[in-house]
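Student: If you scroll down you'll find the structure; I have some questions about it.
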Amino acid sequence: EFRVSKEIAVGPYATVLSVKMIGDPDKRGEMALKVMHKVAGPAWKAVKRMNPTVIKAVQDYPHANVAGTFETGTIMDDVYVLQELVEGIDLRTLLTMSPEPLGELSLRARIGIAVQIAAALEHLHGIRFASDKRKRLVHGDIQPGNVMIGPDGLVRVMDTGFAELAQATIKPAFEGATIGSPGYLSPEQLADKKIGPATDVYAFGVLLAEILLG
């Protein structure tokens, strides 16, 4: 059971709340509870298909630049994702701020953001599973909205609960759809072929160009 501290965002498809587990047995403190309403369609289905093995793997191998997902579940017709609560600003907002992308950030600061994203991906791709050491994690949706930058400059890659296992074919959440974000999809994602670490590297390359060139 959760105790709601405050509403972070409320929309027609989802509600994001700051919550704390009653009793807090795992000492997690404040967390972000994202409730997806069934009218969200593909996003709702994407939460339903989250892989518990992936979620646990990210929990078991924490990294400073990776925000973890604790659990998923259902509340009547809605589904929810319980994640780390990360304060700061997302990279998409930074990229679109006026008067110029990333404001007055220096080249050194921009490179620092990119290096931290790369460190998160290196970590995720390096996670191994005791049941099958050939398995690799692939985030599958590296894009500005999934990168948070904290007040202290720490970069966190979000939505790791949606990650997939390498060499898997990502099945569309609904007919005619592709999982991921337009503009950052790799050729194999667009063709519904098997994915791997290179899938994330492709998206990171697009993101890197945006960070450095605007």
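Labels for the structure tokens follow display order: chains A, B, ..., residues from 1 in each chain, ligands from 1.
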Need the shell around Asp200 of chain A: protein/DNA/RNA residues with any atom at most 8 Å away, counting only C-alpha atoms. Skip same-chain ones fewer than 5 positions apart. Format as a list in words?
Tutor: Leu121, Val138, His139, Gly140, Asp141, Ile142 and Ser186 of chain A
Student: Enumerate, as an mmCIF file with C-alpha atoms, in the first residue's frame, the complete set of residues in segment 101-211 of chain A that a backbone-based DSSP assignment places in helix (DSSP H, G or I).
Tutor:
data_model
loop_
_atom_site.group_PDB
_atom_site.id
_atom_site.type_symbol
_atom_site.label_atom_id
_atom_site.label_comp_id
_atom_site.auth_asym_id
_atom_site.auth_seq_id
_atom_site.Cartn_x
_atom_site.Cartn_y
_atom_site.Cartn_z
ATOM 1 C CA LEU A 107 30.681 22.188 -24.753
ATOM 2 C CA ARG A 108 32.338 20.524 -21.744
ATOM 3 C CA ALA A 109 28.963 20.308 -19.963
ATOM 4 C CA ARG A 110 27.268 18.870 -23.054
ATOM 5 C CA ILE A 111 29.984 16.245 -23.431
ATOM 6 C CA GLY A 112 29.548 15.450 -19.734
ATOM 7 C CA ILE A 113 25.855 14.715 -20.276
ATOM 8 C CA ALA A 114 26.650 12.455 -23.240
ATOM 9 C CA VAL A 115 29.368 10.592 -21.321
ATOM 10 C CA GLN A 116 26.966 9.821 -18.486
ATOM 11 C CA ILE A 117 24.318 8.491 -20.886
ATOM 12 C CA ALA A 118 26.988 6.303 -22.503
ATOM 13 C CA ALA A 119 28.042 5.034 -19.053
ATOM 14 C CA ALA A 120 24.437 4.047 -18.303
ATOM 15 C CA LEU A 121 24.165 2.126 -21.581
ATOM 16 C CA GLU A 122 27.516 0.407 -21.047
ATOM 17 C CA HIS A 123 26.276 -0.733 -17.654
ATOM 18 C CA LEU A 124 22.900 -1.982 -18.923
ATOM 19 C CA HIS A 125 24.511 -3.847 -21.814
ATOM 20 C CA GLY A 126 27.001 -5.444 -19.407
ATOM 21 C CA PRO A 144 15.592 12.935 -24.664
ATOM 22 C CA GLY A 145 12.395 12.339 -22.700
ATOM 23 C CA ASN A 146 13.989 9.342 -20.990
ATOM 24 C CA THR A 160 14.588 0.906 -17.672
ATOM 25 C CA GLY A 161 11.591 -1.231 -16.752
ATOM 26 C CA PHE A 162 10.655 -1.248 -20.448
ATOM 27 C CA PRO A 187 16.718 -0.006 -38.731
ATOM 28 C CA GLU A 188 16.107 -3.342 -36.965
ATOM 29 C CA GLN A 189 13.336 -1.824 -34.839
ATOM 30 C CA LEU A 190 11.630 -0.360 -37.899
ATOM 31 C CA PRO A 197 23.120 -3.353 -27.940
ATOM 32 C CA ALA A 198 23.649 -1.717 -31.336
ATOM 33 C CA THR A 199 19.973 -0.713 -31.187
ATOM 34 C CA ASP A 200 20.729 1.597 -28.270
ATOM 35 C CA VAL A 201 24.000 2.768 -29.834
ATOM 36 C CA TYR A 202 22.089 3.932 -32.912
ATOM 37 C CA ALA A 203 19.629 5.951 -30.806
ATOM 38 C CA PHE A 204 22.492 7.331 -28.708
ATOM 39 C CA GLY A 205 24.204 8.524 -31.899
ATOM 40 C CA VAL A 206 21.110 10.534 -32.840
ATOM 41 C CA LEU A 207 20.896 11.887 -29.312
ATOM 42 C CA LEU A 208 24.598 12.760 -29.280
ATOM 43 C CA ALA A 209 24.184 14.871 -32.416
ATOM 44 C CA GLU A 210 21.310 16.744 -30.783
ATOM 45 C CA ILE A 211 23.281 17.354 -27.583
#
Student: What does the structure give for the distance between atom CA of Gly88 of chain A and atom CA of Pro151 of chain A, in Å to one decimal?
Tutor: 5.8 Å
Student: In Å to one decimal, how far is atom CA of Lys56 of chain A from atom CA of Asp24 of chain A?
Tutor: 18.7 Å
Student: Which of these, A:Ile195, A:Ile127, A:Leu94, A:Val47, has the shortest distance to Ala14 of chain A once you count only C-alpha atoms?
Tutor: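 Ranked by minimum distance to Ala14 of chain A, first place goes to A:Val47.
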Student: Can you list, as a ChimeraX atom specification, all residues belonging to segment 2-196 of chain A that DSSP tags as strand (DSSP E or B)?
Tutor: /A:2-10,14-21,31-36,66,69-75,78-84,89-90,129,132,137-138,147-149,155-157,164-165,169,194
Student: For atom CA of Ala64 of chain A and atom CA of Tyr184 of chain A, quote the distance in Å rounded to one decimal.
Tutor: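 Atom CA of Tyr184 of chain A lies 23.9 Å from atom CA of Ala64 of chain A.
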Student: Considering only C-alpha atoms, can you say which of A:Leu91, A:Met36, A:Met31, A:Val157 comes closest to Tyr13 of chain A?
Tutor: A:Met36
Student: Give me the residues near Arg3 of chain A as a PDB file with all heavy atoms, in the first residue's frame, where near means some atom within 9 Å (using only C-alpha atoms) and where sequence neighbours in that chain fewer than 6 positions away do not count.
Tutor:
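Output below, filename around34.pdb:
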ATOM      1  N   SER A  18       3.854  11.228  -6.407  1.00  0.00           N
ATOM      2  CA  SER A  18       4.959  10.975  -5.495  1.00  0.00           C
ATOM      3  C   SER A  18       4.380  10.211  -4.314  1.00  0.00           C
ATOM      4  O   SER A  18       3.444  10.690  -3.664  1.00  0.00           O
ATOM      5  CB  SER A  18       5.581  12.299  -5.025  1.00  0.00           C
ATOM      6  OG  SER A  18       6.588  12.040  -4.054  1.00  0.00           O
ATOM      7  N   VAL A  19       4.899   9.019  -4.075  1.00  0.00           N
ATOM      8  CA  VAL A  19       4.319   8.163  -3.042  1.00  0.00           C
ATOM      9  C   VAL A  19       5.414   7.584  -2.153  1.00  0.00           C
ATOM     10  O   VAL A  19       6.594   7.598  -2.489  1.00  0.00           O
ATOM     11  CB  VAL A  19       3.508   6.995  -3.656  1.00  0.00           C
ATOM     12  CG1 VAL A  19       2.406   7.507  -4.556  1.00  0.00           C
ATOM     13  CG2 VAL A  19       4.424   6.036  -4.424  1.00  0.00           C
ATOM     14  N   LYS A  20       4.981   7.060  -1.020  1.00  0.00           N
ATOM     15  CA  LYS A  20       5.879   6.352  -0.113  1.00  0.00           C
ATOM     16  C   LYS A  20       5.178   5.090   0.347  1.00  0.00           C
ATOM     17  O   LYS A  20       3.988   5.111   0.653  1.00  0.00           O
ATOM     18  CB  LYS A  20       6.252   7.228   1.082  1.00  0.00           C
ATOM     19  CG  LYS A  20       7.378   6.665   1.938  1.00  0.00           C
ATOM     20  CD  LYS A  20       7.837   7.681   2.967  1.00  0.00           C
ATOM     21  CE  LYS A  20       9.026   7.137   3.761  1.00  0.00           C
ATOM     22  NZ  LYS A  20       9.523   8.133   4.748  1.00  0.00           N
ATOM     23  N   MET A  21       5.895   3.989   0.345  1.00  0.00           N
ATOM     24  CA  MET A  21       5.330   2.724   0.788  1.00  0.00           C
ATOM     25  C   MET A  21       5.020   2.817   2.280  1.00  0.00           C
ATOM     26  O   MET A  21       5.854   3.266   3.068  1.00  0.00           O
ATOM     27  CB  MET A  21       6.311   1.583   0.531  1.00  0.00           C
ATOM     28  CG  MET A  21       5.726   0.202   0.740  1.00  0.00           C
ATOM     29  SD  MET A  21       4.766  -0.362  -0.683  1.00  0.00           S
ATOM     30  CE  MET A  21       6.057  -0.688  -1.880  1.00  0.00           C
ATOM     31  N   ILE A  22       3.820   2.405   2.666  1.00  0.00           N
ATOM     32  CA  ILE A  22       3.443   2.431   4.071  1.00  0.00           C
ATOM     33  C   ILE A  22       4.348   1.464   4.842  1.00  0.00           C
ATOM     34  O   ILE A  22       4.451   0.288   4.504  1.00  0.00           O
ATOM     35  CB  ILE A  22       1.958   2.043   4.252  1.00  0.00           C
ATOM     36  CG1 ILE A  22       1.058   3.107   3.618  1.00  0.00           C
ATOM     37  CG2 ILE A  22       1.617   1.878   5.737  1.00  0.00           C
ATOM     38  CD1 ILE A  22      -0.421   2.809   3.676  1.00  0.00           C
TER      39      ILE A  22
END
Student: My list of candidates is A:Ala166, A:Leu212, A:Leu17, A:Met50. Which is closest to Glu30 of chain A when distances are computed with only C-alpha atoms?
Tutor: A:Leu17
Student: Which of these, A:Tyr61, A:Asp90, A:Leu82, A:Gln143, has the shortest distance to Arg28 of chain A once you count only C-alpha atoms?
Tutor: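 Ranking A:Tyr61, A:Asp90, A:Leu82, A:Gln143 by distance to Arg28 of chain A, first place goes to A:Leu82.
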